>>> print(open('final-v5.txt').read())   # compact mmCIF, C-alpha atoms
# COMPACT_ATOMS: atom_id res chain seq x y z
CA MET A 1 91.53 21.28 -13.28
CA THR A 2 90.31 21.74 -16.78
CA GLY A 3 86.87 20.30 -17.54
CA THR A 4 83.78 20.68 -19.60
CA SER A 5 80.61 22.53 -18.75
CA GLN A 6 79.32 19.44 -16.89
CA GLY A 7 82.44 19.08 -14.73
CA ASN A 8 83.61 15.89 -16.45
CA PRO A 9 87.12 16.07 -18.01
CA TYR A 10 86.36 13.00 -20.15
CA PRO A 11 83.01 13.50 -21.83
CA ASP A 12 83.52 10.74 -24.37
CA ALA A 13 84.12 8.18 -21.64
CA ALA A 14 80.95 9.26 -19.79
CA LYS A 15 78.96 8.94 -22.99
CA ALA A 16 80.32 5.47 -23.53
CA GLN A 17 79.40 4.44 -19.99
CA SER A 18 75.80 5.69 -20.33
CA GLU A 19 75.39 3.86 -23.61
CA SER A 20 76.73 0.68 -22.02
CA ARG A 21 74.15 0.91 -19.25
CA LEU A 22 71.36 1.56 -21.74
CA PHE A 23 72.13 -1.09 -24.34
CA GLY A 24 73.79 -3.67 -22.11
CA GLU A 25 77.28 -3.49 -23.68
CA SER A 26 80.37 -4.26 -21.59
CA HIS A 27 83.51 -2.14 -21.46
CA HIS A 28 86.85 -2.92 -19.81
CA ASP A 29 89.14 -0.41 -18.15
CA SER A 30 92.36 -0.65 -16.26
CA ASP A 31 90.77 -0.73 -12.77
CA ASN A 32 87.90 -3.26 -12.85
CA THR A 33 85.61 -5.18 -15.17
CA THR A 34 81.76 -4.80 -15.04
CA THR A 35 79.12 -6.70 -16.96
CA ALA A 36 75.75 -4.92 -17.55
CA PRO A 37 72.50 -6.93 -17.77
CA THR A 38 71.56 -7.96 -21.23
CA CYS A 39 68.46 -6.71 -23.06
CA THR A 40 66.95 -10.20 -22.98
CA ASP A 41 66.90 -10.28 -19.15
CA ALA A 42 65.21 -6.87 -18.94
CA ASP A 43 62.52 -7.90 -21.43
CA ALA A 44 61.84 -11.11 -19.54
CA GLU A 45 61.51 -9.23 -16.24
CA TRP A 46 59.15 -6.70 -17.80
CA ALA A 47 57.02 -9.42 -19.37
CA GLU A 48 56.76 -11.19 -16.01
CA THR A 49 55.67 -7.95 -14.35
CA VAL A 50 53.02 -7.35 -16.98
CA ARG A 51 51.75 -10.93 -16.64
CA LYS A 52 51.38 -10.62 -12.88
CA ALA A 53 49.57 -7.30 -13.26
CA LYS A 54 47.14 -8.81 -15.75
CA GLU A 55 46.46 -11.75 -13.46
CA ARG A 56 45.82 -9.38 -10.58
CA ILE A 57 43.37 -7.33 -12.66
CA GLU A 58 41.57 -10.48 -13.79
CA GLN A 59 41.24 -11.60 -10.18
CA LEU A 60 39.77 -8.23 -9.18
CA GLU A 61 37.31 -8.30 -12.10
CA THR A 62 36.28 -11.83 -11.13
CA VAL A 63 35.61 -10.71 -7.55
CA ASN A 64 33.52 -7.78 -8.81
CA ALA A 65 31.55 -10.02 -11.15
CA GLU A 66 30.85 -12.65 -8.49
CA SER A 67 29.78 -10.06 -5.91
CA GLY A 68 27.40 -8.40 -8.39
CA GLN A 69 28.82 -4.90 -8.20
CA ARG A 70 26.61 -2.24 -9.74
CA GLY A 71 26.35 1.53 -9.83
CA THR A 72 29.14 4.03 -9.30
CA SER A 73 30.32 2.75 -5.93
CA TRP A 74 31.80 -0.51 -4.70
CA ALA A 75 29.74 -2.46 -2.14
CA LEU A 76 30.91 -5.01 0.39
CA PRO A 77 30.38 -8.55 -1.00
CA VAL A 78 27.62 -10.68 0.56
CA GLU A 79 27.49 -14.44 0.31
CA PRO A 80 24.59 -15.67 -1.86
CA SER A 81 23.73 -18.29 0.76
CA GLU A 82 23.27 -15.56 3.35
CA GLN A 83 20.97 -13.58 1.07
CA SER A 84 18.93 -16.66 0.19
CA ARG A 85 17.97 -17.09 3.86
CA VAL A 86 16.18 -13.72 3.78
CA PRO A 87 12.69 -13.73 2.18
CA ILE A 88 12.29 -11.30 -0.71
CA TRP A 89 9.86 -8.43 -0.42
CA SER A 90 6.38 -8.26 -1.91
CA GLY A 91 7.16 -5.22 -4.03
CA ARG A 92 7.86 -1.65 -3.10
CA ALA A 93 4.30 -0.38 -2.62
CA GLU A 94 3.14 -3.55 -0.86
CA TRP A 95 6.21 -3.60 1.43
CA LEU A 96 5.52 -0.03 2.50
CA ARG A 97 1.87 -0.89 3.14
CA GLN A 98 2.91 -3.89 5.24
CA LEU A 99 5.30 -1.75 7.26
CA ARG A 100 2.66 0.90 7.96
CA HIS A 101 0.22 -1.79 9.09
CA GLN A 102 2.79 -3.31 11.45
CA VAL A 103 3.62 -0.03 13.21
CA THR A 104 0.02 1.21 13.42
CA GLU A 105 -2.16 -1.87 13.90
CA THR A 106 -0.02 -4.35 15.87
CA GLU A 107 1.09 -4.14 19.49
CA HIS A 108 4.63 -5.27 18.67
CA GLY A 109 5.05 -2.66 15.96
CA ARG A 110 3.76 0.18 18.13
CA ALA A 111 6.06 -0.90 20.96
CA VAL A 112 9.10 -0.96 18.66
CA LEU A 113 8.15 2.47 17.30
CA ALA A 114 7.85 3.92 20.80
CA ALA A 115 11.10 2.32 21.95
CA ASN A 116 13.05 3.98 19.12
CA ARG A 117 11.26 7.36 19.52
CA ILE A 118 10.30 7.86 15.89
CA ALA A 119 6.99 8.95 14.36
CA VAL A 120 5.08 6.89 11.83
CA ASP A 121 5.40 9.43 9.00
CA THR A 122 9.12 9.85 9.64
CA LEU A 123 9.60 6.09 9.60
CA MET A 124 7.70 5.78 6.31
CA SER A 125 9.81 8.53 4.72
CA CYS A 126 13.02 6.76 5.75
CA ALA A 127 11.66 3.38 4.58
CA ASN A 128 10.65 4.86 1.24
CA ALA A 129 14.17 6.26 0.83
CA HIS A 130 15.63 2.79 1.50
CA ALA A 131 13.21 1.23 -0.98
CA ARG A 132 14.39 3.57 -3.74
CA PHE A 133 17.79 1.88 -3.80
CA ALA A 134 16.56 -1.72 -3.52
CA GLU A 135 16.35 -4.16 -6.40
CA THR A 136 12.85 -4.04 -7.85
CA ARG A 137 12.28 -7.80 -7.90
CA THR A 138 13.94 -8.95 -4.66
CA GLY A 139 14.33 -5.88 -2.44
CA ARG A 140 18.02 -6.60 -1.95
CA GLY A 141 21.11 -4.60 -2.78
CA VAL A 142 20.51 -1.49 -0.64
CA THR A 143 24.11 -0.24 -0.53
CA ALA A 144 23.60 3.53 -0.44
CA SER A 145 25.25 5.42 2.39
CA LYS A 146 23.35 6.90 5.31
CA ALA A 147 24.05 10.40 4.05
CA VAL A 148 22.49 9.69 0.65
CA ILE A 149 19.44 7.99 2.19
CA ALA A 150 19.05 10.82 4.70
CA GLU A 151 19.12 13.34 1.86
CA HIS A 152 16.35 11.51 0.01
CA ALA A 153 14.29 11.10 3.19
CA GLY A 154 14.82 14.65 4.40
CA ALA A 155 16.03 13.40 7.79
CA SER A 156 19.22 13.25 9.82
CA ASN A 157 21.67 10.36 10.08
CA SER A 158 20.50 9.56 13.62
CA THR A 159 16.91 9.31 12.36
CA ILE A 160 18.04 6.91 9.64
CA MET A 161 19.74 4.78 12.31
CA ARG A 162 16.55 4.69 14.42
CA SER A 163 14.48 3.70 11.39
CA ARG A 164 16.93 0.88 10.65
CA ARG A 165 16.58 -0.41 14.18
CA VAL A 166 12.81 -0.53 13.66
CA LEU A 167 13.23 -2.46 10.41
CA LYS A 168 15.55 -4.91 12.17
CA ALA A 169 13.15 -5.43 15.06
CA LEU A 170 10.28 -6.17 12.65
CA ALA A 171 12.51 -8.45 10.50
CA MET A 172 11.61 -6.28 7.49
CA GLY A 173 15.21 -5.13 7.02
CA VAL A 174 18.35 -7.25 7.32
CA GLU A 175 21.90 -5.87 7.47
CA HIS A 176 24.31 -8.29 5.78
CA ALA A 177 27.53 -6.25 6.09
CA ARG A 178 28.35 -3.28 8.29
CA GLY A 179 30.00 -0.32 6.56
CA ARG A 180 33.74 0.04 7.16
CA THR A 181 37.06 1.14 5.68
CA LEU A 182 38.24 -0.90 2.71
CA SER A 183 41.34 -3.05 2.79
CA THR A 184 44.07 -2.78 0.16
CA SER A 185 42.64 -5.53 -2.04
CA GLU A 186 39.12 -4.11 -1.69
CA TYR A 187 40.43 -0.66 -2.56
CA LEU A 188 41.95 -2.07 -5.76
CA ALA A 189 38.71 -3.92 -6.56
CA ALA A 190 36.75 -0.69 -6.15
CA GLU A 191 39.18 1.11 -8.45
CA ALA A 192 38.80 -1.67 -11.02
CA HIS A 193 35.00 -1.37 -10.75
CA HIS A 194 34.45 2.36 -11.22
CA GLY A 195 37.93 3.74 -11.91
CA GLY A 196 37.94 6.14 -8.94
CA ARG A 197 39.24 6.21 -5.41
CA GLN A 198 37.04 4.76 -2.68
CA HIS A 199 38.28 4.29 0.87
CA LYS A 200 35.02 3.34 2.62
CA ALA A 201 31.96 1.25 1.79
CA ALA A 202 28.42 1.60 3.16
CA SER A 203 26.39 -1.15 4.80
CA SER A 204 24.61 -3.74 2.66
CA TRP A 205 20.91 -4.24 3.42
CA SER A 206 18.01 -6.33 2.16
CA LEU A 207 14.35 -5.34 2.55
CA SER A 208 12.19 -8.34 3.36
CA SER A 209 8.55 -9.35 3.70
CA PRO A 210 8.52 -12.20 6.25
CA LYS A 211 5.71 -14.72 6.18
CA ALA A 212 4.30 -13.54 9.50
CA VAL A 213 4.10 -9.96 8.24
CA VAL A 214 2.48 -10.99 4.96
CA MET A 215 -0.11 -13.15 6.72
CA SER A 216 -0.99 -10.49 9.29
CA THR A 217 -1.44 -7.69 6.73
CA PRO A 218 -5.00 -7.65 5.36
CA PRO A 219 -5.20 -7.67 1.57
CA ILE A 220 -6.52 -4.75 -0.41
CA GLU A 221 -10.19 -5.29 -1.14
CA ARG A 222 -10.90 -4.61 -4.79
CA PRO A 223 -14.26 -5.02 -6.48
CA GLN A 224 -14.51 -8.09 -8.66
CA ARG A 225 -16.38 -8.19 -11.92
CA SER A 226 -19.35 -10.50 -11.94
CA ARG A 227 -19.59 -12.97 -14.77
CA ARG A 228 -22.52 -12.59 -17.09
CA THR A 229 -24.81 -15.59 -17.46
CA ARG A 230 -26.54 -16.37 -20.66
CA THR A 231 -29.80 -18.35 -20.78
CA VAL A 232 -30.17 -20.42 -23.91
CA ALA A 233 -33.75 -20.68 -25.11
CA PRO A 234 -34.96 -24.10 -26.14
CA VAL A 235 -34.77 -24.70 -29.82
CA ALA A 236 -38.02 -25.73 -31.44
CA VAL A 237 -37.98 -29.17 -32.99
CA ALA A 238 -39.01 -29.24 -36.59
CA ARG A 239 -42.07 -31.39 -37.03
CA PRO A 240 -42.59 -33.38 -40.20
CA ASN A 241 -45.04 -31.95 -42.64
CA LYS A 242 -48.15 -34.12 -42.73
CA SER A 243 -50.03 -32.17 -45.33
CA THR A 244 -51.02 -33.88 -48.50
CA PRO A 245 -49.65 -32.95 -51.90
CA SER A 246 -52.97 -31.41 -52.80
CA ASP A 247 -52.84 -29.15 -49.73
CA ARG A 248 -49.30 -28.07 -50.57
CA SER A 249 -50.31 -27.27 -54.08
CA LYS A 250 -53.23 -25.24 -52.80
CA ALA A 251 -51.00 -23.35 -50.47
CA THR A 252 -48.56 -22.65 -53.24
CA ALA A 253 -51.31 -21.49 -55.52
CA SER A 254 -52.67 -19.15 -52.86
CA GLY A 255 -49.17 -17.67 -52.30
CA SER A 256 -49.17 -18.43 -48.57
CA SER A 257 -46.53 -21.15 -48.51
CA ASN A 258 -43.24 -20.81 -46.56
CA ARG A 259 -39.83 -22.32 -47.05
CA THR A 260 -40.15 -24.83 -44.21
CA GLY A 261 -43.40 -26.13 -45.48
CA ARG A 262 -45.27 -25.10 -42.28
CA ASP A 263 -48.45 -23.21 -42.01
CA PRO A 264 -47.71 -19.63 -40.83
CA LEU A 265 -50.48 -19.95 -38.26
CA SER A 266 -49.36 -23.30 -36.87
CA SER A 267 -48.11 -23.61 -33.27
CA SER A 268 -44.66 -24.83 -34.27
CA ALA A 269 -44.02 -21.79 -36.42
CA PHE A 270 -45.05 -19.49 -33.55
CA VAL A 271 -42.70 -21.22 -31.10
CA LEU A 272 -39.76 -20.93 -33.49
CA SER A 273 -40.25 -17.24 -34.12
CA PHE A 274 -40.74 -16.50 -30.40
CA SER A 275 -37.55 -18.38 -29.49
CA SER A 276 -35.45 -16.35 -31.89
CA VAL A 277 -36.90 -13.10 -30.62
CA GLY A 278 -36.43 -14.18 -27.02
CA ARG A 279 -32.75 -14.95 -27.53
CA THR A 280 -32.21 -11.50 -29.03
CA HIS A 281 -33.79 -9.80 -26.01
CA GLN A 282 -31.86 -12.01 -23.61
CA ARG A 283 -28.58 -10.96 -25.20
CA ALA A 284 -29.59 -7.33 -24.92
CA ARG A 285 -30.52 -7.75 -21.24
CA ALA A 286 -27.24 -9.59 -20.57
CA ARG A 287 -25.30 -6.68 -22.03
CA LYS A 288 -27.20 -4.16 -19.95
CA THR A 289 -27.21 -6.02 -16.62
CA ILE A 290 -23.54 -5.60 -15.73
CA SER A 291 -22.64 -5.63 -12.07
CA THR A 292 -22.31 -2.17 -10.56
CA ASN A 293 -19.19 -3.28 -8.66
CA THR A 294 -17.08 -2.59 -11.74
CA GLN A 295 -18.12 1.05 -11.89
CA ARG A 296 -15.36 3.50 -11.05
CA PRO A 297 -16.00 5.91 -8.16
CA ILE A 298 -16.51 9.52 -9.09
CA GLU A 299 -13.40 10.56 -7.13
CA LEU A 300 -11.33 8.10 -9.17
CA GLN A 301 -12.73 9.43 -12.44
CA ARG A 302 -12.04 13.01 -11.42
CA ALA A 303 -8.47 12.14 -10.39
CA ALA A 304 -7.85 10.42 -13.72
CA ALA A 305 -9.23 13.36 -15.68
CA ALA A 306 -7.18 15.88 -13.68
CA LEU A 307 -4.04 13.76 -14.09
CA ALA A 308 -4.54 13.70 -17.86
CA VAL A 309 -4.79 17.51 -17.79
CA HIS A 310 -1.79 18.21 -15.55
CA ALA A 311 0.37 15.40 -17.06
CA PRO A 312 -0.51 15.29 -20.78
CA ILE A 313 2.23 12.72 -21.40
CA PHE A 314 -0.11 10.05 -19.95
CA ASN A 315 -3.08 11.15 -22.03
CA THR A 316 -3.87 8.66 -24.77
CA SER A 317 -6.46 8.37 -27.50
CA SER A 318 -8.14 5.55 -25.56
CA HIS A 319 -10.77 5.94 -22.85
CA ILE A 320 -9.85 7.83 -19.68
CA GLY A 321 -10.76 4.68 -17.76
CA VAL A 322 -7.36 3.12 -18.47
CA ILE A 323 -5.73 5.93 -16.49
CA ALA A 324 -8.23 5.38 -13.70
CA ASP A 325 -7.44 1.66 -13.68
CA GLY A 326 -3.73 2.45 -13.40
CA ILE A 327 -4.38 4.74 -10.42
CA ARG A 328 -6.54 2.11 -8.73
CA ALA A 329 -3.94 -0.63 -9.38
CA ALA A 330 -1.31 1.46 -7.57
CA GLY A 331 -3.50 1.50 -4.44
CA ILE A 332 -3.97 5.30 -4.42
CA ASP A 333 -6.79 6.62 -2.26
CA THR A 334 -8.41 9.18 -4.56
CA THR A 335 -10.41 10.60 -1.65
CA ARG A 336 -7.07 11.93 -0.39
CA TRP A 337 -5.06 12.29 -3.62
CA THR A 338 -6.38 14.41 -6.46
CA GLY A 339 -5.10 14.23 -10.01
CA ARG A 340 -3.13 17.42 -9.46
CA ASP A 341 -1.57 15.93 -6.32
CA ILE A 342 -0.52 12.81 -8.23
CA ALA A 343 1.04 14.87 -11.04
CA GLN A 344 2.85 17.05 -8.51
CA ALA A 345 4.22 14.02 -6.63
CA LEU A 346 5.45 12.41 -9.86
CA SER A 347 7.19 15.63 -10.92
CA ARG A 348 8.84 16.01 -7.50
CA HIS A 349 10.04 12.38 -7.55
CA THR A 350 11.45 12.79 -11.06
CA ALA A 351 13.33 15.97 -10.10
CA ASP A 352 14.67 14.51 -6.85
CA ASN A 353 16.20 11.58 -8.75
CA GLY A 354 17.91 13.82 -11.29
CA GLN A 355 15.68 12.66 -14.13
CA ILE A 356 13.76 14.50 -16.82
CA TRP A 357 10.40 13.73 -18.37
CA PRO A 358 10.59 12.06 -21.78
CA THR A 359 8.71 13.47 -24.72
CA ALA A 360 5.47 11.95 -25.95
CA SER A 361 7.20 10.64 -29.07
CA GLU A 362 9.69 8.68 -26.95
CA ILE A 363 7.01 6.71 -25.09
CA THR A 364 5.44 3.80 -26.93
CA SER A 365 3.07 2.80 -24.10
CA PRO A 366 1.96 5.75 -21.92
CA ILE A 367 -0.19 3.58 -19.63
CA ALA A 368 2.66 1.15 -18.92
CA PHE A 369 4.92 4.13 -18.20
CA LEU A 370 2.26 5.55 -15.87
CA ARG A 371 2.01 2.30 -13.92
CA PHE A 372 5.81 2.17 -13.60
CA LYS A 373 5.99 5.74 -12.30
CA LEU A 374 3.14 5.18 -9.84
CA SER A 375 4.85 2.08 -8.43
CA GLN A 376 7.91 4.13 -7.44
CA LEU A 377 6.17 6.28 -4.82
CA ASP A 378 4.67 5.80 -1.38
CA TRP A 379 1.01 6.82 -1.62
CA THR A 380 0.26 6.22 2.04
CA ARG A 381 1.87 9.48 3.14
CA PRO A 382 -0.13 12.74 3.35
CA SER A 383 -1.02 14.20 -0.03
CA PRO A 384 -0.17 17.79 -1.02
CA SER A 385 -3.85 18.70 -0.63
CA GLU A 386 -3.85 17.35 2.92
CA GLN A 387 -0.60 19.17 3.69
CA ARG A 388 -2.08 22.42 2.35
CA ALA A 389 -5.22 21.86 4.40
CA GLN A 390 -3.14 21.29 7.53
CA ALA A 391 -1.09 24.42 6.84
CA ASP A 392 -4.25 26.47 6.25
CA ALA A 393 -5.76 25.15 9.46
CA ALA A 394 -2.60 26.07 11.37
CA ARG A 395 -2.63 29.58 9.90
CA ARG A 396 -6.32 30.02 10.71
CA LYS A 397 -5.62 28.90 14.28
CA GLU A 398 -2.77 31.43 14.60
CA ILE A 399 -4.97 34.22 13.24
CA ALA A 400 -7.76 33.32 15.66
CA GLN A 401 -5.32 33.28 18.58
CA ARG A 402 -3.93 36.69 17.56
CA GLN A 403 -7.42 38.15 17.28
CA ASP A 404 -8.35 36.76 20.70
CA GLU A 405 -5.22 38.31 22.17
CA LEU A 406 -6.05 41.69 20.65
CA ALA A 407 -9.61 41.40 21.94
CA ARG A 408 -8.40 40.65 25.46
CA ARG A 409 -6.00 43.59 25.31
CA ASP A 410 -8.72 45.91 24.07
CA ALA A 411 -11.06 44.68 26.78
CA ALA A 412 -8.45 45.30 29.46
CA GLN A 413 -7.78 48.83 28.18
CA ALA A 414 -9.61 51.53 30.11
CA SER A 415 -12.03 53.83 28.33
CA SER A 416 -11.56 57.61 28.06
CA ALA A 417 -14.20 58.28 30.70
CA THR A 418 -12.55 55.88 33.11
CA ARG A 419 -9.18 57.52 32.54
CA ALA A 420 -10.66 61.02 33.07
CA ALA A 421 -12.30 59.93 36.31
CA ALA A 422 -9.03 58.41 37.49
CA ARG A 423 -7.15 61.64 36.72
CA ALA A 424 -9.74 63.74 38.54
CA SER A 425 -9.57 61.47 41.57
CA PHE A 426 -5.80 61.64 41.59
CA ALA A 427 -5.84 65.46 41.30
CA GLN A 428 -8.29 65.70 44.18
CA HIS A 429 -6.04 63.47 46.23
CA LEU A 430 -3.03 65.70 45.51
CA ALA A 431 -4.96 68.84 46.43
CA GLY A 432 -6.01 67.35 49.74
CA ALA A 433 -2.41 66.34 50.46
CA ARG A 434 -1.18 69.91 49.79
CA MET A 435 -3.79 71.42 52.08
CA THR A 436 -2.80 69.00 54.79
CA ARG A 437 0.87 69.98 54.52
CA SER A 438 0.12 73.73 54.46
CA SER A 439 -2.00 73.55 57.58
>>> encode(input="final-v5.txt", output="structure tokens")
Amino acid sequence: MTGTSQGNPYPDAAKAQSESRLFGESHHDSDNTTTAPTCTDADAEWAETVRKAKERIEQLETVNAESGQRGTSWALPVEPSEQSRVPIWSGRAEWLRQLRHQVTETEHGRAVLAANRIAVDTLMSCANAHARFAETRTGRGVTASKAVIAEHAGASNSTIMRSRRVLKALAMGVEHARGRTLSTSEYLAAEAHHGGRQHKAASSWSLSSPKAVVMSTPPIERPQRSRRTRTVAPVAVARPNKSTPSDRSKATASGSSNRTGRDPLSSSAFVLSFSSVGRTHQRARARKTISTNTQRPIELQRAAAALAVHAPIFNTSSHIGVIADGIRAAGIDTTRWTGRDIAQALSRHTADNGQIWPTASEITSPIAFLRFKLSQLDWTRPSPSEQRAQADAARRKEIAQRQDELARRDAAQASSATRAAARASFAQHLAGARMTRSS
């Protein structure tokens, strides 16, 4: 059989058939008659497919917009009515303070902590990691996975689960949706949200400050500035001048007249001058007699000065007191946290979140930026100075124990004289034994 290189003895016919399938032309042969679909039908089918795909994408984008998707991962949708039943938190720092008070000062909190076998500091670290991913205003939207939260808290997944059980028991954490594998439609919605592949979604949580917790937590006592009172001296009433024209002329001639027409030695003139002087001294005393409650403690001033040295980005041309006020507003105990400790904690928090410090030219309000950075951390945990003090105390205890052990060993060791006497006694015993055997 003679053929071409493709094994077809009729290449022209094959070419005609392929063109007919491509362009929709019909050809007749002797065996049968076939009619290919027209180009108009193919275009209509393609347009319908594109329309359905666009509708599907619009539906997925609508679902993402209504569920408030944010970040680089897709979270399980939560009904707004369900979230509205959960009270919002009182802010990150205040929520952490309320939690610490519940687990340290209340019987219910201590019982819940003991039942879940978790320490207070470990719980606070896990809670602080949860608070990092919550919405600043409401405390909702905690959709990070357990692995990510455990990495930020420096704990294991089981510890994160125990801390969540504590938050649930205290009604300070509410789980709206349990993490699970995504369905097909949810998988497509996640792909439409961030453009990647996501097969699972983490649980959705809200951090809450219930009314009972807020009422049972004592407020932070801050000194209040006393209002200055000003005493207004009575104004002397001008008395009419009863002197005669001849007296006034005499006074003018003698050069002892005044503008008010009073005698400089009269009682009314003395009262007027004394009142003006008295008001001046009263204003001076009012400026000096400011309540001492507004004075900043020396530890606070030292912390502010050290923070300005170790973090120059917060140093401004204004008084150092504005930095001290920012530290006090954040609720930082400066008897435990030094300025160096605060700067070190801020640098660690910035590095852990993958951020970098901006330059001084990029910050328009250093004090506002300082207050924002201070509000992101939990200042109730041990400070670096306290951790160093604990580590030094532990090392000193180990050194003391080692020295005691060496002293006991040295005391138990026999002296050279004792060893020589023991050897002599043993030699005498051997000599007596030999004599006994020989005899």
>>> residues_around(input="final-v5.txt", residues="A:Arg371", least_positions_apart="4", cutoff="12 Å", atoms="only C-alpha atoms", output="PyMOL selection string")
chain A and resi 93+314+322-332+346+365-367+375-377
>>> atom_distance(input="final-v5.txt", atom1="atom CA of A:Ser156", atom2="atom CA of A:Ala394")
25.4 Å
>>> atom_distance(input="final-v5.txt", atom1="atom CA of A:Thr122", atom2="atom CA of A:Arg381")
9.7 Å
>>> residues_around(input="final-v5.txt", residues="A:Met172", least_positions_apart="2", cutoff="6 Å", atoms="all atoms listed in the file", output="list of chain:residue names")
A:Leu167, A:Leu170, A:Leu207, A:Ser208, A:Ser209
>>> closest_residue(input="final-v5.txt", among="A:Gln428, A:Ser81, A:Ser158, A:Ser163", to="A:Asp121", atoms="all atoms listed in the file")
A:Ser163
>>> residues_around(input="final-v5.txt", residues="A:Gln344", least_positions_apart="3", cutoff="12 Å", atoms="all atoms listed in the file", output="list in words")
Ala306, Leu307, His310, Ala311, Trp337, Thr338, Gly339, Arg340, Asp341, Ser347, Arg348, His349, Thr350, Ala351, Leu374, Leu377, Ser383, Pro384 and Ser385 of chain A
>>> atom_distance(input="final-v5.txt", atom1="atom CA of A:Arg336", atom2="atom CA of A:Glu386")
7.1 Å
>>> closest_residue(input="final-v5.txt", among="A:His199, A:Arg165, A:His194, A:His152", to="A:Thr181", atoms="all atoms listed in the file")
A:His199
>>> closest_residue(input="final-v5.txt", among="A:Gln59, A:Val148, A:Ala134, A:Ser204", to="A:Glu186", atoms="all atoms listed in the file")
A:Gln59
>>> closest_residue(input="final-v5.txt", among="A:Ala119, A:Ala190, A:Val78, A:Ala131", to="A:Arg178", atoms="all atoms listed in the file")
A:Val78
>>> closest_residue(input="final-v5.txt", among="A:Phe426, A:Ala421, A:Arg56, A:Glu405", to="A:Ser185", atoms="all atoms listed in the file")
A:Arg56
>>> residues_around(input="final-v5.txt", residues="A:Ile298", least_positions_apart="5", cutoff="10 Å", atoms="all atoms listed in the file", output="number ranges by chain")
A: 303-304, 334-335
>>> closest_residue(input="final-v5.txt", among="A:Val86, A:Val103, A:Ala111, A:Ala75", to="A:Lys200", atoms="all atoms listed in the file")
A:Ala75
